[in-house]
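So this block is entry-v6.cif, mmCIF, C-alpha atoms:
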```cif
data_query
#
loop_
_atom_site.group_PDB
_atom_site.id
_atom_site.type_symbol
_atom_site.label_atom_id
_atom_site.label_comp_id
_atom_site.auth_asym_id
_atom_site.auth_seq_id
_atom_site.Cartn_x
_atom_site.Cartn_y
_atom_site.Cartn_z
ATOM 1 C CA MET A 1 52.354 117.207 113.510
ATOM 2 C CA ILE A 2 52.206 120.848 112.463
ATOM 3 C CA ASN A 3 50.630 123.142 115.003
ATOM 4 C CA GLU A 4 48.025 125.393 113.359
ATOM 5 C CA GLU A 5 49.163 128.356 115.463
ATOM 6 C CA ASN A 6 52.758 127.958 114.326
ATOM 7 C CA LEU A 7 52.324 127.537 110.579
ATOM 8 C CA ARG A 8 54.280 130.676 109.772
ATOM 9 C CA GLY A 9 57.706 129.626 108.545
ATOM 10 C CA THR A 10 56.627 126.097 107.600
ATOM 11 C CA ILE A 11 58.468 124.857 104.522
ATOM 12 C CA VAL A 12 56.029 123.527 101.927
ATOM 13 C CA MET A 13 55.956 122.241 98.368
ATOM 14 C CA MET A 14 53.297 123.157 95.851
ATOM 15 C CA HIS A 15 51.172 120.137 94.900
ATOM 16 C CA PRO A 16 52.662 118.509 91.758
ATOM 17 C CA GLU A 17 49.351 118.850 89.882
ATOM 18 C CA MET A 18 49.833 122.631 90.039
ATOM 19 C CA TRP A 19 53.425 122.810 88.840
ATOM 20 C CA GLU A 20 52.773 123.291 85.155
ATOM 21 C CA ALA A 21 50.107 125.956 85.582
ATOM 22 C CA HIS A 22 51.435 127.873 88.579
ATOM 23 C CA ALA A 23 55.130 127.265 89.061
ATOM 24 C CA ASP A 24 57.460 129.873 87.692
ATOM 25 C CA LYS A 25 61.147 130.574 87.902
ATOM 26 C CA GLN A 26 60.729 130.999 91.662
ATOM 27 C CA GLY A 27 60.152 127.270 92.018
ATOM 28 C CA VAL A 28 57.706 125.025 93.825
ATOM 29 C CA ILE A 29 59.240 124.943 97.325
ATOM 30 C CA GLY A 30 58.383 127.822 99.590
ATOM 31 C CA GLU A 31 57.617 129.042 103.079
ATOM 32 C CA ILE A 32 54.288 129.960 104.647
ATOM 33 C CA LEU A 33 54.228 133.672 105.451
ATOM 34 C CA LYS A 34 50.688 133.905 106.771
ATOM 35 C CA ALA A 35 48.078 131.273 107.577
ATOM 36 C CA ASP A 36 44.363 131.397 108.267
ATOM 37 C CA PRO A 37 43.364 127.724 108.646
ATOM 38 C CA ALA A 38 39.761 128.653 109.444
ATOM 39 C CA ARG A 39 39.418 130.157 105.953
ATOM 40 C CA ASP A 40 41.814 127.644 104.399
ATOM 41 C CA ASP A 41 44.064 130.498 103.241
ATOM 42 C CA PHE A 42 47.831 130.087 103.181
ATOM 43 C CA TYR A 43 50.170 132.749 101.804
ATOM 44 C CA VAL A 44 53.412 131.218 100.572
ATOM 45 C CA THR A 45 56.562 132.884 99.332
ATOM 46 C CA TYR A 46 58.633 131.101 96.729
ATOM 47 C CA GLY A 47 61.370 133.723 96.836
ATOM 48 C CA GLY A 48 59.721 136.359 94.673
ATOM 49 C CA PRO A 49 58.250 139.715 95.593
ATOM 50 C CA GLN A 50 54.620 138.546 95.840
ATOM 51 C CA PRO A 51 53.312 135.726 98.033
ATOM 52 C CA HIS A 52 50.962 133.180 96.472
ATOM 53 C CA LEU A 53 47.595 132.314 98.011
ATOM 54 C CA HIS A 54 46.851 128.581 98.278
ATOM 55 C CA GLY A 55 44.368 126.320 99.980
ATOM 56 C CA SER A 56 45.677 123.562 102.219
ATOM 57 C CA ASP A 57 44.991 120.942 99.532
ATOM 58 C CA ALA A 58 47.494 122.689 97.246
ATOM 59 C CA LEU A 59 50.417 122.419 99.654
ATOM 60 C CA MET A 60 52.494 119.403 100.609
ATOM 61 C CA VAL A 61 54.473 119.000 103.839
ATOM 62 C CA LEU A 62 57.007 116.393 104.849
ATOM 63 C CA LYS A 63 55.908 113.427 106.904
ATOM 64 C CA PRO A 64 57.629 112.896 110.267
ATOM 65 C CA ALA A 65 61.011 111.160 110.084
ATOM 66 C CA ASP A 66 59.816 108.208 112.178
ATOM 67 C CA GLU A 67 56.923 107.586 109.779
ATOM 68 C CA ILE A 68 59.305 107.550 106.811
ATOM 69 C CA MET A 69 61.675 105.230 108.677
ATOM 70 C CA GLU A 70 58.816 102.877 109.555
ATOM 71 C CA TYR A 71 57.908 102.701 105.870
ATOM 72 C CA LEU A 72 61.533 101.917 105.040
ATOM 73 C CA GLN A 73 61.647 99.117 107.601
ATOM 74 C CA ASN A 74 58.484 97.536 106.228
ATOM 75 C CA HIS A 75 58.974 98.086 102.487
ATOM 76 C CA SER A 76 62.695 98.427 101.757
ATOM 77 C CA ILE A 77 62.668 95.235 99.664
ATOM 78 C CA ASP A 78 60.105 96.834 97.329
ATOM 79 C CA LEU A 79 62.207 99.946 96.660
ATOM 80 C CA THR A 80 64.888 100.561 94.085
ATOM 81 C CA PRO A 81 68.315 101.400 95.533
ATOM 82 C CA TYR A 82 67.880 104.987 94.331
ATOM 83 C CA ASP A 83 64.467 105.382 96.018
ATOM 84 C CA LEU A 84 65.736 103.715 99.180
ATOM 85 C CA GLN A 85 68.684 106.121 99.335
ATOM 86 C CA ASP A 86 66.452 109.148 98.755
ATOM 87 C CA LEU A 87 63.972 108.094 101.447
ATOM 88 C CA ARG A 88 66.783 107.531 103.947
ATOM 89 C CA SER A 89 68.204 110.953 103.117
ATOM 90 C CA ILE A 90 64.779 112.579 103.474
ATOM 91 C CA ALA A 91 64.217 110.923 106.866
ATOM 92 C CA ARG A 92 67.626 112.128 108.055
ATOM 93 C CA LEU A 93 66.999 115.679 106.800
ATOM 94 C CA VAL A 94 63.540 115.803 108.390
ATOM 95 C CA HIS A 95 65.037 114.566 111.650
ATOM 96 C CA HIS A 96 67.463 117.537 111.645
ATOM 97 C CA GLY A 97 64.478 119.812 111.093
ATOM 98 C CA THR A 98 66.139 123.090 110.156
ATOM 99 C CA PRO A 99 64.580 125.087 107.306
ATOM 100 C CA LYS A 100 67.654 124.391 105.169
ATOM 101 C CA HIS A 101 67.376 120.629 105.796
ATOM 102 C CA LEU A 102 63.630 120.635 105.120
ATOM 103 C CA ARG A 103 64.144 122.467 101.821
ATOM 104 C CA SER A 104 66.784 119.917 100.839
ATOM 105 C CA ALA A 105 64.397 117.087 101.699
ATOM 106 C CA LEU A 106 61.631 118.633 99.597
ATOM 107 C CA GLU A 107 64.068 119.043 96.703
ATOM 108 C CA LEU A 108 64.619 115.283 96.806
ATOM 109 C CA VAL A 109 60.851 114.744 96.864
ATOM 110 C CA ARG A 110 60.408 117.187 93.976
ATOM 111 C CA ASP A 111 63.000 115.379 91.880
ATOM 112 C CA ASN A 112 61.825 111.806 92.579
ATOM 113 C CA GLU A 113 58.100 111.271 92.054
ATOM 114 C CA ASN A 114 58.413 107.582 93.054
ATOM 115 C CA ILE A 115 58.802 108.504 96.729
ATOM 116 C CA ARG A 116 56.279 111.326 97.099
ATOM 117 C CA GLU A 117 53.520 109.226 98.591
ATOM 118 C CA GLN A 118 55.884 107.890 101.255
ATOM 119 C CA SER A 119 57.461 111.226 102.157
ATOM 120 C CA VAL A 120 54.843 113.989 101.943
ATOM 121 C CA SER A 121 51.216 114.614 102.857
ATOM 122 C CA SER A 122 48.878 117.425 101.922
ATOM 123 C CA LEU A 123 48.700 120.212 104.463
ATOM 124 C CA GLU A 124 44.943 119.683 104.386
ATOM 125 C CA GLU A 125 45.399 116.102 105.608
ATOM 126 C CA VAL A 126 47.874 117.087 108.307
ATOM 127 C CA LEU A 127 45.612 119.827 109.655
ATOM 128 C CA GLY A 128 42.470 117.710 109.341
ATOM 129 C CA LEU A 129 40.712 120.373 107.278
ATOM 130 C CA LYS A 130 37.828 119.649 104.956
ATOM 131 C CA GLN A 131 38.520 120.658 101.375
ATOM 132 C CA ALA A 132 36.824 124.028 101.098
ATOM 133 C CA LYS A 133 38.514 125.269 97.938
ATOM 134 C CA SER A 134 39.852 123.753 94.774
ATOM 135 C CA ILE A 135 43.473 122.738 94.289
ATOM 136 C CA LYS A 136 43.562 125.096 91.284
ATOM 137 C CA ARG A 137 43.603 128.224 93.423
#
```

Using structure tokens, write down the structure that the file contains.
Amino acid sequence: MINEENLRGTIVMMHPEMWEAHADKQGVIGEILKADPARDDFYVTYGGPQPHLHGSDALMVLKPADEIMEYLQNHSIDLTPYDLQDLRSIARLVHHGTPKHLRSALELVRDNENIREQSVSSLEEVLGLKQAKSIKR
């Protein structure tokens, strides 16, 4: 679980519904620079000069490795070999937990929409925040 006080530096992915309208050459995977959960304001850098302001519903974070592994144990027969391999890789990368590993895991999630539900949650859900602002921010 992400600690609200330690959100700075958290690796996140922009919600897929926002990619077309808001993603640019900087990409959709970034890092939280500043967080104000009480206002539902999260400033994220995607590598460019200006941070982007998002609400928690617009950001996705990786689920814990043990949760992904539990899903694999219970549903591996329902997955394609490709999805199974990606989920195993994501669980392993999340377990390592370094920013580089977390970015690599989110790249797999970005590239394989079939496994998103099993591997990421909205930051809003993780923090238990009520949706105060629209995903379109």

From the list A:Glu107, A:Glu117, A:Glu20, A:Asp66, the nearest residue to His95 of chain A using all atoms listed in the file is A:Asp66

As AutoDock Vina command-line options: centre and edge lengths in Å, one decimal, of the axis-aligned box holding segment 86-98 of chain A with 8 Å per side:
```
--center_x 65.9 --center_y 115.3 --center_z 105.2 --size_x 20.7 --size_y 31.6 --size_z 28.9
```

With a distance cut-off of 12 Å and all atoms listed in the file, select the neighbouring residues of Ala91 of chain A, excluding the residue or stretch itself and same-chain residues fewer than 2 positions from it, and output the selection as a VMD selection string.
-> chain A and resid 62 to 72 84 to 89 93 to 97 101 to 102 104 to 106 108 to 109 115 118 to 120

Using the chain letters and numbers from the file, which residues does the PyMOL selection byres ((chain A and resi 121) around 6) grab, as a ChimeraX atom specification?
-> /A:60-61,120,122

List the residues matched by the PyMOL selection byres ((chain A and resi 52) around 12) in the displayed structure as a ChimeraX atom specification, ordered by chain and then by residue number.
-> /A:14,22-24,26-35,41-51,53-55,58-59,137

Report the distance between atom CA of Tyr82 of chain A and atom CA of Arg116 of chain A in Å, rounded to one decimal place.
-> 13.5 Å

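Relative to atom CA of Asn6 of chain A, atom CA of Leu129 of chain A is found at 15.9 Å.
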
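The interatomic distance for the pair atom CA of Glu124 of chain A and atom CA of Asp57 of chain A works out to 5.0 Å.
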
Could you rebuild segment 49-76 of chain A with N, CA and C atoms and give me the result as a PDB file, in the frame of the given file?
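Printed below is rebuild17.pdb as written:
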```
ATOM      1  N   PRO A  49      58.767 138.558  94.854  1.00  0.00           N
ATOM      2  CA  PRO A  49      58.250 139.715  95.593  1.00  0.00           C
ATOM      3  C   PRO A  49      56.822 139.533  96.118  1.00  0.00           C
ATOM      4  N   GLN A  50      56.012 138.715  95.465  1.00  0.00           N
ATOM      5  CA  GLN A  50      54.620 138.546  95.840  1.00  0.00           C
ATOM      6  C   GLN A  50      54.369 137.141  96.394  1.00  0.00           C
ATOM      7  N   PRO A  51      53.704 137.052  97.541  1.00  0.00           N
ATOM      8  CA  PRO A  51      53.312 135.726  98.033  1.00  0.00           C
ATOM      9  C   PRO A  51      52.163 135.174  97.202  1.00  0.00           C
ATOM     10  N   HIS A  52      52.028 133.866  97.202  1.00  0.00           N
ATOM     11  CA  HIS A  52      50.962 133.180  96.472  1.00  0.00           C
ATOM     12  C   HIS A  52      49.946 132.671  97.487  1.00  0.00           C
ATOM     13  N   LEU A  53      48.668 132.808  97.161  1.00  0.00           N
ATOM     14  CA  LEU A  53      47.595 132.314  98.011  1.00  0.00           C
ATOM     15  C   LEU A  53      47.233 130.899  97.576  1.00  0.00           C
ATOM     16  N   HIS A  54      47.216 129.973  98.546  1.00  0.00           N
ATOM     17  CA  HIS A  54      46.851 128.581  98.278  1.00  0.00           C
ATOM     18  C   HIS A  54      45.900 128.088  99.347  1.00  0.00           C
ATOM     19  N   GLY A  55      45.125 127.079  98.996  1.00  0.00           N
ATOM     20  CA  GLY A  55      44.368 126.320  99.980  1.00  0.00           C
ATOM     21  C   GLY A  55      45.253 125.206 100.503  1.00  0.00           C
ATOM     22  N   SER A  56      44.847 124.604 101.603  1.00  0.00           N
ATOM     23  CA  SER A  56      45.677 123.562 102.219  1.00  0.00           C
ATOM     24  C   SER A  56      45.841 122.340 101.332  1.00  0.00           C
ATOM     25  N   ASP A  57      44.884 122.097 100.427  1.00  0.00           N
ATOM     26  CA  ASP A  57      44.991 120.942  99.532  1.00  0.00           C
ATOM     27  C   ASP A  57      46.037 121.148  98.451  1.00  0.00           C
ATOM     28  N   ALA A  58      46.502 122.373  98.280  1.00  0.00           N
ATOM     29  CA  ALA A  58      47.494 122.689  97.246  1.00  0.00           C
ATOM     30  C   ALA A  58      48.921 122.671  97.767  1.00  0.00           C
ATOM     31  N   LEU A  59      49.081 122.394  99.054  1.00  0.00           N
ATOM     32  CA  LEU A  59      50.417 122.419  99.654  1.00  0.00           C
ATOM     33  C   LEU A  59      50.757 121.067 100.263  1.00  0.00           C
ATOM     34  N   MET A  60      52.001 120.669 100.079  1.00  0.00           N
ATOM     35  CA  MET A  60      52.494 119.403 100.609  1.00  0.00           C
ATOM     36  C   MET A  60      53.534 119.696 101.691  1.00  0.00           C
ATOM     37  N   VAL A  61      53.493 118.891 102.758  1.00  0.00           N
ATOM     38  CA  VAL A  61      54.473 119.000 103.839  1.00  0.00           C
ATOM     39  C   VAL A  61      55.102 117.628 104.062  1.00  0.00           C
ATOM     40  N   LEU A  62      56.289 117.648 104.608  1.00  0.00           N
ATOM     41  CA  LEU A  62      57.007 116.393 104.849  1.00  0.00           C
ATOM     42  C   LEU A  62      56.375 115.603 105.988  1.00  0.00           C
ATOM     43  N   LYS A  63      56.355 114.305 105.829  1.00  0.00           N
ATOM     44  CA  LYS A  63      55.908 113.427 106.904  1.00  0.00           C
ATOM     45  C   LYS A  63      56.986 113.391 107.987  1.00  0.00           C
ATOM     46  N   PRO A  64      56.625 113.014 109.203  1.00  0.00           N
ATOM     47  CA  PRO A  64      57.629 112.896 110.267  1.00  0.00           C
ATOM     48  C   PRO A  64      58.685 111.842 109.917  1.00  0.00           C
ATOM     49  N   ALA A  65      59.898 112.063 110.380  1.00  0.00           N
ATOM     50  CA  ALA A  65      61.011 111.160 110.084  1.00  0.00           C
ATOM     51  C   ALA A  65      60.715 109.731 110.525  1.00  0.00           C
ATOM     52  N   ASP A  66      60.089 109.565 111.695  1.00  0.00           N
ATOM     53  CA  ASP A  66      59.816 108.208 112.178  1.00  0.00           C
ATOM     54  C   ASP A  66      58.804 107.478 111.295  1.00  0.00           C
ATOM     55  N   GLU A  67      57.882 108.208 110.699  1.00  0.00           N
ATOM     56  CA  GLU A  67      56.923 107.586 109.779  1.00  0.00           C
ATOM     57  C   GLU A  67      57.621 107.124 108.495  1.00  0.00           C
ATOM     58  N   ILE A  68      58.540 107.931 108.005  1.00  0.00           N
ATOM     59  CA  ILE A  68      59.305 107.550 106.811  1.00  0.00           C
ATOM     60  C   ILE A  68      60.183 106.344 107.121  1.00  0.00           C
ATOM     61  N   MET A  69      60.818 106.356 108.289  1.00  0.00           N
ATOM     62  CA  MET A  69      61.675 105.230 108.677  1.00  0.00           C
ATOM     63  C   MET A  69      60.861 103.940 108.857  1.00  0.00           C
ATOM     64  N   GLU A  70      59.672 104.053 109.399  1.00  0.00           N
ATOM     65  CA  GLU A  70      58.816 102.877 109.555  1.00  0.00           C
ATOM     66  C   GLU A  70      58.469 102.296 108.191  1.00  0.00           C
ATOM     67  N   TYR A  71      58.177 103.174 107.230  1.00  0.00           N
ATOM     68  CA  TYR A  71      57.908 102.701 105.870  1.00  0.00           C
ATOM     69  C   TYR A  71      59.135 101.978 105.316  1.00  0.00           C
ATOM     70  N   LEU A  72      60.301 102.540 105.523  1.00  0.00           N
ATOM     71  CA  LEU A  72      61.533 101.917 105.040  1.00  0.00           C
ATOM     72  C   LEU A  72      61.736 100.531 105.652  1.00  0.00           C
ATOM     73  N   GLN A  73      61.481 100.405 106.936  1.00  0.00           N
ATOM     74  CA  GLN A  73      61.647  99.117 107.601  1.00  0.00           C
ATOM     75  C   GLN A  73      60.699  98.061 107.047  1.00  0.00           C
ATOM     76  N   ASN A  74      59.493  98.482 106.684  1.00  0.00           N
ATOM     77  CA  ASN A  74      58.484  97.536 106.228  1.00  0.00           C
ATOM     78  C   ASN A  74      58.471  97.293 104.726  1.00  0.00           C
ATOM     79  N   HIS A  75      59.086  98.184 103.945  1.00  0.00           N
ATOM     80  CA  HIS A  75      58.974  98.086 102.487  1.00  0.00           C
ATOM     81  C   HIS A  75      60.298  98.233 101.741  1.00  0.00           C
ATOM     82  N   SER A  76      61.413  98.175 102.432  1.00  0.00           N
ATOM     83  CA  SER A  76      62.695  98.427 101.757  1.00  0.00           C
ATOM     84  C   SER A  76      62.951  97.447 100.613  1.00  0.00           C
TER      85      SER A  76
END
```
